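This is final-v3.cif. It holds mmCIF, C-alpha atoms.
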```
data_protein
loop_
_atom_site.label_atom_id
_atom_site.label_comp_id
_atom_site.auth_asym_id
_atom_site.auth_seq_id
_atom_site.Cartn_x
_atom_site.Cartn_y
_atom_site.Cartn_z
CA MET A 1 -30.38 -20.19 59.05
CA VAL A 2 -29.89 -16.74 57.58
CA TYR A 3 -26.16 -16.92 58.30
CA LEU A 4 -25.99 -20.26 56.55
CA LEU A 5 -27.71 -18.83 53.46
CA ILE A 6 -25.30 -15.86 53.43
CA VAL A 7 -22.29 -18.19 53.67
CA VAL A 8 -23.64 -20.43 50.88
CA ALA A 9 -24.33 -17.37 48.67
CA ALA A 10 -20.83 -16.02 49.34
CA VAL A 11 -19.24 -19.37 48.50
CA ILE A 12 -21.26 -19.59 45.27
CA LEU A 13 -20.28 -16.01 44.38
CA ILE A 14 -16.57 -16.64 45.03
CA ALA A 15 -16.69 -19.89 43.04
CA ALA A 16 -18.42 -18.12 40.13
CA ILE A 17 -15.83 -15.31 40.11
CA ALA A 18 -12.95 -17.80 40.28
CA TYR A 19 -14.45 -19.85 37.45
CA GLY A 20 -15.00 -16.73 35.33
CA THR A 21 -11.43 -15.53 35.84
CA GLN A 22 -9.98 -18.94 35.06
CA ARG A 23 -12.15 -19.25 31.95
CA LYS A 24 -11.14 -15.80 30.78
CA SER A 25 -7.46 -16.67 31.08
CA ARG A 26 -8.09 -20.01 29.34
CA ASP A 27 -9.92 -18.09 26.58
CA GLY A 28 -6.93 -15.76 26.20
CA VAL A 29 -4.54 -18.69 25.88
CA ALA A 30 -6.87 -20.51 23.46
CA SER A 31 -7.43 -17.47 21.28
CA PHE A 32 -3.68 -16.68 21.14
CA LYS A 33 -3.01 -20.32 20.20
CA ARG A 34 -5.72 -20.17 17.51
CA GLN A 35 -4.19 -16.98 16.14
CA ILE A 36 -0.67 -18.42 16.03
CA ASP A 37 -1.98 -21.65 14.46
CA ALA A 38 -3.79 -19.62 11.80
CA LEU A 39 -0.50 -17.89 10.98
CA SER A 40 1.50 -21.11 10.75
CA PRO A 41 3.11 -22.18 7.46
CA GLU A 42 0.52 -24.98 7.05
CA ALA A 43 -2.39 -22.56 7.43
CA ARG A 44 -0.74 -20.07 5.10
CA LYS A 45 -0.08 -22.61 2.36
CA PRO A 46 -3.01 -21.45 0.16
CA VAL A 47 -1.69 -17.87 0.34
CA VAL A 48 1.84 -19.04 -0.46
CA ASP A 49 0.47 -20.93 -3.47
CA GLN A 50 -1.28 -17.79 -4.65
CA VAL A 51 1.90 -15.76 -4.14
CA GLN A 52 3.66 -18.29 -6.34
CA SER A 53 1.02 -18.14 -9.04
CA VAL A 54 0.89 -14.30 -9.00
CA SER A 55 4.68 -14.21 -9.13
CA ASP A 56 4.76 -16.69 -12.06
CA LEU A 57 2.08 -14.68 -13.87
CA ARG A 58 4.11 -11.49 -13.44
CA ARG A 59 7.29 -13.15 -14.71
CA SER A 60 5.51 -14.47 -17.79
CA SER A 61 3.84 -11.14 -18.62
CA ASP A 62 6.91 -8.97 -17.95
CA THR A 63 7.45 -6.46 -20.72
CA PRO A 64 10.15 -3.78 -20.94
CA THR A 65 8.90 -0.67 -19.13
CA PRO A 66 11.33 2.10 -20.05
CA ILE A 67 8.97 3.96 -22.35
CA ALA A 68 10.90 7.20 -21.98
CA ALA A 69 14.39 5.76 -21.87
CA VAL A 70 16.63 6.30 -24.84
CA ASP A 71 20.20 5.62 -25.63
CA PRO A 72 22.29 8.77 -25.01
CA ASP A 73 23.77 8.49 -28.51
CA THR A 74 20.41 8.60 -30.22
CA ILE A 75 19.08 11.66 -28.46
CA ASP A 76 17.87 14.31 -30.81
CA PRO A 77 15.75 16.77 -28.88
CA GLY A 78 14.59 18.35 -32.10
CA THR A 79 12.82 15.28 -33.48
CA SER A 80 9.97 13.25 -32.18
CA GLY A 81 11.62 9.79 -32.39
CA ASP A 82 10.14 6.77 -30.67
CA VAL A 83 10.28 8.03 -27.12
CA LYS A 84 7.44 8.80 -24.78
CA ALA A 85 5.84 12.12 -25.54
CA ASP A 86 3.70 13.83 -23.00
CA ASP A 87 0.59 15.72 -24.01
CA PRO A 88 1.65 19.39 -24.10
CA SER A 89 -1.59 20.34 -22.38
CA ASP A 90 -0.78 18.00 -19.53
CA ASP A 91 -0.54 20.51 -16.77
CA PRO A 92 0.21 19.13 -13.28
CA GLY A 93 -2.32 21.49 -11.83
CA ASP A 94 -5.17 20.15 -13.97
CA ALA A 95 -6.42 17.29 -11.87
CA THR A 96 -4.40 15.52 -9.27
CA ASP A 97 -0.83 16.23 -8.48
CA GLY A 98 0.09 12.90 -6.99
CA SER A 99 1.53 14.14 -3.76
CA MET B 1 -24.76 -15.27 0.61
CA ALA B 2 -21.95 -12.86 -0.17
CA ARG B 3 -18.35 -13.96 -0.11
CA ASP B 4 -16.29 -11.98 2.37
CA LEU B 5 -13.73 -9.56 1.00
CA ALA B 6 -10.30 -8.16 1.83
CA ILE B 7 -9.52 -4.76 0.36
CA ASP B 8 -6.14 -3.07 0.05
CA LEU B 9 -7.36 0.51 -0.21
CA GLY B 10 -4.14 2.11 -1.36
CA THR B 11 -3.39 5.66 -2.39
CA ALA B 12 -2.26 4.37 -5.79
CA ASN B 13 -4.15 1.10 -6.35
CA THR B 14 -7.07 -0.76 -4.87
CA LEU B 15 -6.96 -4.55 -4.77
CA VAL B 16 -9.81 -6.82 -3.73
CA TYR B 17 -9.46 -10.41 -2.52
CA MET B 18 -12.57 -12.57 -2.41
CA LYS B 19 -12.75 -15.38 0.12
CA GLY B 20 -12.18 -18.71 -1.60
CA ARG B 21 -11.37 -17.10 -4.95
CA GLY B 22 -8.26 -14.95 -4.54
CA ILE B 23 -7.56 -11.53 -6.07
CA VAL B 24 -10.57 -10.50 -8.15
CA LEU B 25 -9.80 -6.82 -8.76
CA ASN B 26 -6.68 -4.70 -9.14
CA GLU B 27 -7.28 -1.14 -10.31
CA PRO B 28 -5.86 2.35 -9.75
CA SER B 29 -7.64 4.25 -6.94
CA VAL B 30 -8.96 6.90 -9.29
CA ILE B 31 -12.47 8.12 -10.05
CA ALA B 32 -13.56 10.47 -12.84
CA LEU B 33 -16.51 12.72 -12.17
CA ASN B 34 -18.63 15.21 -14.04
CA ARG B 35 -17.98 18.52 -12.27
CA GLN B 36 -21.48 19.87 -12.90
CA THR B 37 -23.68 16.87 -12.13
CA GLY B 38 -21.35 14.93 -9.84
CA GLU B 39 -22.06 11.87 -11.98
CA VAL B 40 -19.35 9.17 -12.01
CA LEU B 41 -17.82 8.91 -15.50
CA ALA B 42 -15.26 6.19 -14.87
CA THR B 43 -13.35 4.38 -12.15
CA GLY B 44 -10.12 2.45 -11.94
CA ARG B 45 -7.90 2.04 -14.99
CA GLU B 46 -10.27 3.94 -17.27
CA ALA B 47 -10.31 6.92 -14.90
CA TRP B 48 -6.52 6.73 -14.45
CA GLN B 49 -6.04 7.20 -18.18
CA MET B 50 -8.00 10.45 -17.90
CA ILE B 51 -5.71 12.05 -15.29
CA GLY B 52 -4.49 15.39 -16.57
CA ARG B 53 -6.34 14.91 -19.86
CA THR B 54 -9.93 15.69 -18.94
CA PRO B 55 -12.05 18.41 -20.55
CA GLY B 56 -13.29 21.28 -18.42
CA TYR B 57 -16.55 19.66 -17.34
CA SER B 58 -14.92 16.59 -15.80
CA VAL B 59 -12.15 15.77 -13.35
CA ALA B 60 -10.20 12.61 -12.51
CA VAL B 61 -9.23 12.46 -8.85
CA ARG B 62 -7.52 10.20 -6.37
CA PRO B 63 -9.79 10.32 -3.29
CA LEU B 64 -7.04 9.00 -1.01
CA ARG B 65 -3.89 10.85 -0.04
CA GLY B 66 -1.23 9.49 2.27
CA GLY B 67 -3.41 6.42 2.76
CA ALA B 68 -6.20 8.54 4.20
CA ILE B 69 -9.53 9.58 2.79
CA THR B 70 -9.46 13.20 1.66
CA ASP B 71 -12.95 13.19 0.18
CA PHE B 72 -15.32 10.97 2.11
CA GLU B 73 -18.22 11.13 -0.34
CA ILE B 74 -16.11 10.33 -3.41
CA THR B 75 -14.30 7.50 -1.61
CA GLU B 76 -17.62 5.99 -0.58
CA ARG B 77 -18.82 6.10 -4.18
CA MET B 78 -15.59 4.57 -5.41
CA ILE B 79 -15.78 1.73 -2.86
CA ARG B 80 -19.46 1.14 -3.71
CA LEU B 81 -18.64 0.86 -7.42
CA LEU B 82 -15.71 -1.46 -6.73
CA LEU B 83 -17.87 -3.69 -4.51
CA GLN B 84 -20.58 -3.75 -7.19
CA ARG B 85 -18.00 -4.87 -9.70
CA VAL B 86 -17.09 -7.86 -7.55
CA GLY B 87 -20.73 -8.84 -7.08
CA VAL B 88 -21.79 -7.10 -3.87
CA SER B 89 -25.39 -5.90 -3.98
CA ARG B 90 -27.95 -4.53 -1.54
CA PHE B 91 -28.95 -8.10 -0.69
CA THR B 92 -25.49 -9.63 -0.40
CA ARG B 93 -23.58 -7.80 2.28
CA PRO B 94 -20.15 -9.31 2.95
CA LYS B 95 -17.78 -8.92 5.87
CA VAL B 96 -14.89 -6.75 4.77
CA VAL B 97 -11.31 -6.42 6.02
CA ILE B 98 -9.58 -3.26 4.84
CA CYS B 99 -5.83 -2.65 4.94
CA VAL B 100 -4.89 0.85 6.04
CA PRO B 101 -1.65 2.60 7.03
CA SER B 102 -0.88 2.06 10.68
CA ALA B 103 -0.41 5.78 11.22
CA ILE B 104 -3.97 6.82 10.41
CA THR B 105 -5.87 8.73 13.05
CA GLU B 106 -9.03 7.61 14.85
CA VAL B 107 -11.09 9.97 12.66
CA GLU B 108 -9.55 8.59 9.46
CA ARG B 109 -10.11 5.06 10.72
CA ARG B 110 -13.78 5.76 11.28
CA ALA B 111 -14.06 7.40 7.86
CA VAL B 112 -12.77 4.24 6.16
CA THR B 113 -15.06 1.84 8.06
CA ASP B 114 -18.08 4.13 7.60
CA ALA B 115 -17.38 4.43 3.87
CA ALA B 116 -17.20 0.63 3.55
CA ARG B 117 -20.38 0.07 5.58
CA ARG B 118 -22.31 2.66 3.59
CA ALA B 119 -20.98 1.13 0.40
CA GLY B 120 -22.55 -2.23 1.27
CA ALA B 121 -20.34 -4.05 3.78
CA ALA B 122 -22.14 -5.85 6.63
CA ASP B 123 -19.12 -5.41 8.87
CA ALA B 124 -15.87 -3.57 8.21
CA ASN B 125 -12.64 -4.13 10.14
CA LEU B 126 -9.22 -2.64 9.60
CA ILE B 127 -5.80 -4.24 9.62
CA GLU B 128 -2.42 -2.53 9.50
CA GLN B 129 -0.74 -2.71 6.11
CA PRO B 130 2.68 -3.89 7.39
CA MET B 131 1.04 -6.77 9.25
CA ALA B 132 -0.93 -7.83 6.17
CA ALA B 133 2.21 -7.40 4.05
CA ALA B 134 4.19 -9.67 6.38
CA ILE B 135 1.56 -12.41 6.07
CA GLY B 136 1.38 -11.95 2.28
CA ALA B 137 5.18 -11.96 1.97
CA ASP B 138 5.17 -15.35 3.73
CA LEU B 139 7.31 -14.30 6.69
CA PRO B 140 7.30 -16.65 9.70
CA ILE B 141 5.47 -14.18 11.90
CA ASP B 142 4.03 -17.00 14.02
CA GLU B 143 7.52 -17.67 15.41
CA PRO B 144 9.32 -15.75 18.17
CA VAL B 145 11.81 -14.22 15.73
CA GLY B 146 12.24 -10.71 14.39
CA ASN B 147 10.61 -10.14 11.00
CA MET B 148 11.01 -6.72 9.46
CA VAL B 149 8.82 -5.39 6.67
CA ILE B 150 9.26 -2.13 4.75
CA ASP B 151 6.09 -1.23 2.86
CA ILE B 152 6.53 1.70 0.48
CA GLY B 153 3.19 2.68 -0.98
CA GLY B 154 1.92 5.60 -3.01
CA GLY B 155 1.37 7.91 -0.07
CA THR B 156 2.97 6.25 2.95
CA SER B 157 6.07 4.31 3.88
CA GLU B 158 5.85 2.00 6.85
CA THR B 159 8.42 -0.14 8.55
CA ALA B 160 7.40 -2.71 11.15
CA VAL B 161 9.07 -5.31 13.30
CA ILE B 162 6.76 -8.28 13.78
CA SER B 163 7.09 -11.26 16.06
CA LEU B 164 4.60 -13.84 17.38
CA GLY B 165 1.76 -12.44 15.31
CA GLY B 166 2.04 -8.90 16.63
CA ILE B 167 3.74 -5.61 15.82
CA VAL B 168 6.70 -4.97 18.12
CA ALA B 169 7.99 -1.71 16.64
CA LEU B 170 6.55 0.54 13.99
CA GLU B 171 7.59 3.64 12.13
CA ALA B 172 5.53 5.36 9.47
CA VAL B 173 5.97 8.46 7.37
CA ARG B 174 3.44 10.01 5.02
CA VAL B 175 5.87 9.94 2.15
CA GLY B 176 5.63 7.52 -0.76
CA SER B 177 6.12 7.01 -4.45
CA PHE B 178 3.76 9.86 -5.37
CA ASP B 179 6.13 12.18 -3.53
CA ILE B 180 8.93 10.85 -5.74
CA ASP B 181 6.82 11.71 -8.81
CA ALA B 182 6.06 15.15 -7.40
CA ALA B 183 9.76 15.75 -6.70
CA ILE B 184 10.56 14.92 -10.35
CA GLN B 185 7.79 17.25 -11.54
CA ASN B 186 9.11 20.08 -9.37
CA TYR B 187 12.71 19.53 -10.49
CA VAL B 188 11.82 19.59 -14.19
CA ARG B 189 9.72 22.72 -13.67
CA ARG B 190 12.46 24.48 -11.65
CA GLU B 191 15.58 23.43 -13.55
CA HIS B 192 14.29 23.03 -17.11
CA GLY B 193 11.35 25.43 -17.05
CA ILE B 194 8.79 22.99 -18.38
CA ALA B 195 5.59 21.67 -16.86
CA ILE B 196 5.00 17.93 -17.00
CA GLY B 197 2.06 15.88 -15.78
CA GLU B 198 1.93 13.36 -12.97
CA ARG B 199 1.84 10.40 -15.36
CA THR B 200 4.90 11.66 -17.24
CA ALA B 201 6.77 12.08 -13.95
CA GLU B 202 5.88 8.49 -13.06
CA GLU B 203 7.12 7.27 -16.43
CA ILE B 204 10.41 9.12 -15.94
CA LYS B 205 10.76 7.48 -12.54
CA MET B 206 10.12 4.02 -13.97
CA ALA B 207 12.40 4.55 -16.95
CA ILE B 208 15.50 6.24 -15.53
CA GLY B 209 14.76 6.79 -11.83
CA SER B 210 16.99 5.05 -9.31
CA ALA B 211 18.03 5.38 -5.71
CA ASP B 212 21.63 4.33 -6.39
CA PRO B 213 23.79 4.51 -9.53
CA MET B 214 22.97 1.57 -11.78
CA PRO B 215 24.92 -0.08 -14.62
CA ASP B 216 23.83 0.71 -18.19
CA GLU B 217 21.94 3.87 -17.36
CA SER B 218 20.34 5.87 -20.15
CA GLN B 219 18.97 9.37 -20.48
CA ALA B 220 15.41 10.33 -21.31
CA GLU B 221 13.74 12.83 -23.55
CA VAL B 222 10.99 14.60 -21.69
CA ARG B 223 8.32 16.67 -23.35
CA GLY B 224 6.15 19.19 -21.63
CA ARG B 225 4.93 22.75 -21.82
CA ASP B 226 7.46 25.56 -21.71
CA LEU B 227 6.53 27.76 -18.78
CA MET B 228 7.82 30.93 -20.51
CA THR B 229 6.39 30.54 -24.00
CA GLY B 230 3.56 28.10 -23.36
CA LEU B 231 4.76 26.02 -26.32
CA PRO B 232 5.61 22.30 -26.31
CA LYS B 233 9.28 21.73 -25.50
CA THR B 234 11.64 18.75 -25.21
CA VAL B 235 14.47 18.44 -22.71
CA VAL B 236 16.90 15.66 -21.90
CA LEU B 237 16.97 14.34 -18.35
CA THR B 238 19.83 12.29 -16.92
CA PRO B 239 19.59 9.61 -14.20
CA GLU B 240 21.88 11.76 -11.98
CA GLU B 241 19.40 14.61 -12.18
CA VAL B 242 16.53 12.31 -11.21
CA ARG B 243 18.52 10.95 -8.26
CA TYR B 244 19.24 14.51 -7.14
CA ALA B 245 15.55 15.44 -7.52
CA ILE B 246 14.28 12.55 -5.38
CA GLU B 247 17.06 12.52 -2.77
CA ASP B 248 15.04 14.29 -0.05
CA VAL B 249 12.14 11.85 -0.36
CA LEU B 250 14.44 8.83 -0.30
CA SER B 251 16.37 10.17 2.70
CA SER B 252 13.14 10.55 4.63
CA ILE B 253 12.13 6.94 3.85
CA VAL B 254 15.56 5.57 4.81
CA ALA B 255 15.55 7.64 8.02
CA SER B 256 12.22 6.10 9.04
CA VAL B 257 13.64 2.59 8.46
CA ILE B 258 16.61 3.46 10.68
CA ARG B 259 14.28 4.82 13.39
CA CYS B 260 12.32 1.56 13.33
CA LEU B 261 15.51 -0.49 13.60
CA SER B 262 16.55 1.54 16.61
CA LYS B 263 13.18 0.90 18.28
CA ALA B 264 13.46 -2.90 17.97
CA PRO B 265 14.36 -4.89 21.07
CA PRO B 266 17.96 -6.19 20.95
CA GLU B 267 16.83 -9.84 20.98
CA LEU B 268 15.00 -9.27 17.72
CA SER B 269 17.60 -6.92 16.21
CA GLN B 270 20.12 -9.70 15.84
CA ASP B 271 17.61 -11.68 13.76
CA PHE B 272 17.55 -8.97 11.08
CA LEU B 273 21.24 -9.42 10.34
CA VAL B 274 20.57 -13.04 9.43
CA ARG B 275 17.05 -12.87 8.05
CA GLY B 276 17.19 -9.41 6.47
CA MET B 277 14.36 -6.94 5.93
CA TYR B 278 11.61 -7.46 3.34
CA LEU B 279 10.67 -4.75 0.92
CA VAL B 280 7.08 -4.65 -0.37
CA GLY B 281 4.84 -2.08 -2.04
CA GLY B 282 5.02 -0.40 -5.44
CA GLY B 283 7.53 2.19 -4.21
CA GLY B 284 9.94 -0.63 -3.40
CA LEU B 285 10.24 -1.31 -7.14
CA LEU B 286 12.34 1.84 -7.62
CA LYS B 287 15.65 0.67 -9.03
CA GLY B 288 18.47 0.58 -6.49
CA LEU B 289 16.24 1.29 -3.48
CA ALA B 290 16.94 -2.07 -1.82
CA GLN B 291 20.70 -1.53 -2.26
CA ARG B 292 20.42 2.03 -0.91
CA ILE B 293 18.56 0.90 2.25
CA GLU B 294 20.99 -1.99 2.65
CA ARG B 295 23.98 0.36 2.36
CA ASP B 296 22.60 2.89 4.85
CA THR B 297 21.40 0.38 7.44
CA GLU B 298 23.98 -2.39 6.97
CA VAL B 299 21.14 -4.90 7.11
CA PRO B 300 20.37 -7.15 4.12
CA VAL B 301 17.23 -6.17 2.19
CA ARG B 302 15.23 -8.73 0.25
CA MET B 303 12.49 -8.01 -2.24
CA SER B 304 9.16 -9.79 -1.90
CA ASN B 305 8.10 -11.98 -4.84
CA VAL B 306 4.81 -10.12 -5.00
CA PRO B 307 5.53 -6.55 -3.87
CA LEU B 308 2.25 -5.13 -5.21
CA GLU B 309 -0.05 -7.92 -4.03
CA ALA B 310 1.54 -8.88 -0.69
CA VAL B 311 -0.77 -6.67 1.37
CA VAL B 312 -4.04 -7.88 -0.14
CA LEU B 313 -2.90 -11.52 -0.07
CA GLY B 314 -2.12 -11.12 3.64
CA ALA B 315 -5.50 -9.55 4.28
CA GLY B 316 -7.02 -12.34 2.21
CA HIS B 317 -5.47 -14.87 4.57
CA VAL B 318 -7.07 -12.99 7.48
CA ILE B 319 -10.50 -13.12 5.82
CA GLU B 320 -10.04 -16.86 5.20
CA HIS B 321 -9.35 -17.34 8.95
CA TYR B 322 -11.61 -14.57 10.16
CA ASP B 323 -12.53 -15.96 13.58
CA ALA B 324 -9.02 -17.06 14.53
CA LEU B 325 -7.39 -13.82 13.39
CA LYS B 326 -9.95 -11.21 14.38
CA GLY B 327 -7.71 -10.30 17.31
CA MET B 328 -5.36 -8.73 14.76
CA PHE B 329 -7.85 -6.05 13.73
CA MET B 330 -7.03 -2.47 14.61
CA GLY B 331 -8.82 -1.60 17.82
CA ALA B 332 -9.22 -5.26 18.85
CA ARG B 333 -6.01 -5.23 20.84
CA ARG B 334 -6.47 -1.84 22.42
#
```
Produce structure tokens that represent the structure in this file.
Amino acid sequence: MVYLLIVVAAVILIAAIAYGTQRKSRDGVASFKRQIDALSPEARKPVVDQVQSVSDLRRSSDTPTPIAAVDPDTIDPGTSGDVKADDPSDDPGDATDGS
Amino acid sequence: MARDLAIDLGTANTLVYMKGRGIVLNEPSVIALNRQTGEVLATGREAWQMIGRTPGYSVAVRPLRGGAITDFEITERMIRLLLQRVGVSRFTRPKVVICVPSAITEVERRAVTDAARRAGAADANLIEQPMAAAIGADLPIDEPVGNMVIDIGGGTSETAVISLGGIVALEAVRVGSFDIDAAIQNYVRREHGIAIGERTAEEIKMAIGSADPMPDESQAEVRGRDLMTGLPKTVVLTPEEVRYAIEDVLSSIVASVIRCLSKAPPELSQDFLVRGMYLVGGGGLLKGLAQRIERDTEVPVRMSNVPLEAVVLGAGHVIEHYDALKGMFMGARR
């Protein structure tokens, strides 16, 4: 009787371990599939739409940036002109140095 | 109930994506403080305008360097203020996904998540910037093909090969566009004997800076403080000089791209020749940089449509599909 109980318990234990292992591997497959599905073009469509709208917004609000750029012929270091002037007190050591 | 957030906590700018709403905040990662009381005077754009122009009692600082937190307390305060601005309160604690450079250490990683939790996040997870950038740049990373992303930020430059939703090869250097600005500052100081501020150096970079000779180049007048006399002085800077000044920084970025290419498995390498590499990040906007990388690597380089927002849009996609993509968080795979 005792032997029978031990055999039954062992069989149950082996079955439980086998089920657990199989489930774990199924979980791995399912979670990888979920991840890949979530990265698919269909799932990413809302992001792509936002990329498009951000990109359109940037194109429409693009303004010339070269604040400090001047034509070589118009350079006159002695005058102020319309080029970017830095605050003379702007010392790189004052706050952050950007590196 | 709080809406979950994705944060691109960059050295230069911080962007916040709110689940279901899109990008709700895009500000420089700068905070201005009163030196005596420690009181916050301004954050974001307002604080950025104060850099190098603050009176003695206050200071405007960037609490992140090279993508890592250099001052934990200030970063925490900055994140708290940013979260408050997008509607997070003590009673609405969202889940937060934060994009960080892949090269950060375990200690730096913990510092970022702790700062976010203390600032009001219910749960904070990290995702590598190149991975988020690849999603945001709309690369087919769900397919078994080689996708290569070069993300040049303010403090770091990262290159990653991505296939089937995972990083295959990665190379990162703690060099970014702030190092380009610093190189310009140093050059002007050394060769012209004038001191210029960080914002002026950035403006020079944007105006006449380039990685390769460009058509229709112009010179720039630069004003600063004469180091000998202490008086304001103007000098003229040429694009050639700027290229010479930033050459070391650019070489180091290009070398890291080449190292990443050499790490990629051959099966994926051949894909790059057809598909090219994608350039994202503010540093990628430097004129001629794409051509320079293309010339040195002999692989086509394409610019993302949204170089500045690609990372946060990618992280936003992760927050929208939180359960399916939580396996992509740093630490989840290890």
Show me, as a ChimeraX atom specification, every residue of chain B with an atom at most 7 Å from chain A, counting all atoms listed in the file. /B:51-53,59-62,136,138,142,165,178-179,182,195-198,200,203-204,206-208,218-225,232,234-235,305-306,313,317,321,324-325
Which of B:Pro140, B:Gly193, B:Gly146, B:Gly316 sits closest to Ile167 (chain B) [using all atoms listed in the file]: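 Among B:Pro140, B:Gly193, B:Gly146, B:Gly316, it is B:Gly146 that comes nearest to Ile167 (chain B).
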Just give me the gap between CA of Ser251 (chain B) and CA of Ala68 (chain B) in Å, one decimal is fine. 22.7 Å
Which residues, named as in the file, does the PyMOL selection byres ((chain B and resi 282) around 8) pick out? Answer as a ChimeraX atom specification. /B:152-154,177,280-281,283-286,307-308
As a ChimeraX atom specification, please: the residues near Leu139 (chain B) (cut-off 10 Å, all atoms listed in the file, same-chain neighbours under 2 positions excluded). /A:39-41 /B:133-137,141-143,146-149,162-163,275,278,304
Selected residues written out with C-alpha atoms, as an mmCIF file, in the coordinates of the input:
```
data_model
loop_
_atom_site.group_PDB
_atom_site.id
_atom_site.type_symbol
_atom_site.label_atom_id
_atom_site.label_comp_id
_atom_site.auth_asym_id
_atom_site.auth_seq_id
_atom_site.Cartn_x
_atom_site.Cartn_y
_atom_site.Cartn_z
ATOM 1 C CA LEU A 39 -0.500 -17.890 10.980
ATOM 2 C CA SER A 40 1.500 -21.110 10.750
ATOM 3 C CA PRO A 41 3.110 -22.180 7.460
ATOM 4 C CA ALA B 133 2.210 -7.400 4.050
ATOM 5 C CA ALA B 134 4.190 -9.670 6.380
ATOM 6 C CA ILE B 135 1.560 -12.410 6.070
ATOM 7 C CA GLY B 136 1.380 -11.950 2.280
ATOM 8 C CA ALA B 137 5.180 -11.960 1.970
ATOM 9 C CA ILE B 141 5.470 -14.180 11.900
ATOM 10 C CA ASP B 142 4.030 -17.000 14.020
ATOM 11 C CA GLU B 143 7.520 -17.670 15.410
ATOM 12 C CA GLY B 146 12.240 -10.710 14.390
ATOM 13 C CA ASN B 147 10.610 -10.140 11.000
ATOM 14 C CA MET B 148 11.010 -6.720 9.460
ATOM 15 C CA VAL B 149 8.820 -5.390 6.670
ATOM 16 C CA ILE B 162 6.760 -8.280 13.780
ATOM 17 C CA SER B 163 7.090 -11.260 16.060
ATOM 18 C CA ARG B 275 17.050 -12.870 8.050
ATOM 19 C CA TYR B 278 11.610 -7.460 3.340
ATOM 20 C CA SER B 304 9.160 -9.790 -1.900
#
```
Can you measure CA of Gln185 (chain B) to CA of Arg292 (chain B) for me? One decimal in Å is fine.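 Distance reported for this atom pair: 22.5 Å.
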Would you compute the distance between CA of Asp114 (chain B) and CA of Asp8 (chain B)? Give it in Å to one decimal.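 Between these atoms lies a distance of 15.9 Å.
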Closest to Val145 (chain B) among B:Leu33, B:Ala42, B:Ala264, B:Ala183, using all atoms listed in the file?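 Nearest candidate to Val145 (chain B) out of B:Leu33, B:Ala42, B:Ala264, B:Ala183: B:Ala264.
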Would you list the contacts of region 115-119 of chain B as a PyMOL selection string, taking every protein, DNA or RNA residue within 9 Å and counting all atoms listed in the file, but skipping same-chain residues closer than 2 positions in sequence? chain B and resi 72-73+75-81+83+96+98+110-113+121-124
I need the residue set behind the PyMOL selection byres ((chain B and resi 239) around 7) for this file; please write it as an MDAnalysis selection string. chainID B and resid 208:209 217 219 237:238 240:243
Centre, x/y/z edge lengths, axis-aligned box for region 38-49 of chain A with 8 Å per side, as AutoDock Vina command-line options:
```
--center_x -0.3 --center_y -21.4 --center_z 4.2 --size_x 22.9 --size_y 23.1 --size_z 31.3
```
Excluding Gly66 (chain B) and any residue of its chain fewer than 3 positions from it, enumerate the residues within 7 Å of it, using all atoms listed in the file, and give them as a ChimeraX atom specification. /B:11,155-156,174
Counting only C-alpha atoms, find residues at most 12 Å from (-19.7, -18.2, -3.4) (file frame) and give them as a list in words. Met1, Ala2, Arg3, Asp4, Leu5, Met18, Lys19, Gly20, Arg21, Gly22, Val86, Gly87, Val88, Thr92 and Pro94 of chain B
For region 300-303 of chain B: contacts at 8 Å, only C-alpha atoms, fewer than 5 positions along chain excluded, given as a ChimeraX atom specification: /B:272-280,284,290-291,293-294
